[in-house]
Amino acid sequence: MSEDSNIYQILFRYLRLFFYSYILRSKPMHYEKCLLQSNLVVSSLQFRLTHINDSRKNKYFLEYQNSFQPIVLGKFTANNGKTEIFLKMRLGYNVGIALSSFILLFTIFFIKSLVLIFLTKIVTIKSFVFGGVIVFSYFLSLLLFRYECNIVKKDLIQLFKAKRISQ
């Protein structure tokens, strides 16, 4: 019995670490900031971005693109011979609207089932399922968004030959 409890403790510790590192490391929102520093000059960085966009322009429309891939906004500033790149990443508007609509729909069902519980004094599993779907869908979308943000950060660090200064 003690081996089972040790396994559960280890599993719970890793799940808690995973949950904290991917979801709650900052505000649980579909928005992230990052500051990079590169030794390249601003014009070289802008040329690299233009070259990447021109060569992949047709590829994006033909291949599958992940819905949770962040929209990246960047600002270049030259500082003491180095270039700082301030990145803001957010979820696309269409995905945010679809996710909000889905969560709103299940929230309405959840509130309706809670009202029925208070009126009839009968607890059904349905109300807890709706609440679970709301929480699960939000955190799953947040996990997928953060995963895609990490991929984008790694790609941009490699592209700009930069290092990360802050989250």
# chains A, B, ... in the order shown; residues from 1 in each chain; ligands from 1
$ residues_around --residues "Gly96 in chain A" --least-positions-apart "2" --cutoff "12 Å" --atoms "only C-alpha atoms" --output "count of residues only"
24
$ select_by_dssp --residues "chain A" --states "helix (DSSP H, G or I)" --output "number ranges by chain"
A: 2-22, 42-62, 93-120, 125-160
$ closest_residue --among "A:Val123, A:Leu11, A:Ile117, A:Ile85" --to "Val41 in chain A" --atoms "only C-alpha atoms"
A:Ile85
$ closest_residue --among "A:Phe160, A:Tyr147, A:Phe109, A:Phe12" --to "Ser43 in chain A" --atoms "only C-alpha atoms"
A:Phe160
$ closest_residue --among "A:Ile157, A:Ile7, A:Leu140, A:Val133" --to "Phe106 in chain A" --atoms "only C-alpha atoms"
A:Val133
$ atom_distance --atom1 "CA of Cys34 in chain A" --atom2 "CA of Val135 in chain A"
26.6 Å
$ residues_around --residues "Ser113 in chain A" --least-positions-apart "2" --cutoff "9 Å" --atoms "only C-alpha atoms" --output "list of chain:residue names"
A:Ile108, A:Phe109, A:Phe110, A:Ile111, A:Val115, A:Leu116, A:Ile117, A:Phe118, A:Thr124, A:Lys126, A:Ser127, A:Phe128, A:Phe130
$ residues_around --residues "Lys153 in chain A" --least-positions-apart "2" --cutoff "12 Å" --atoms "only C-alpha atoms" --output "MDAnalysis selection string"
chainID A and resid 32:36 69:72 74 85:89 146:151 155:167
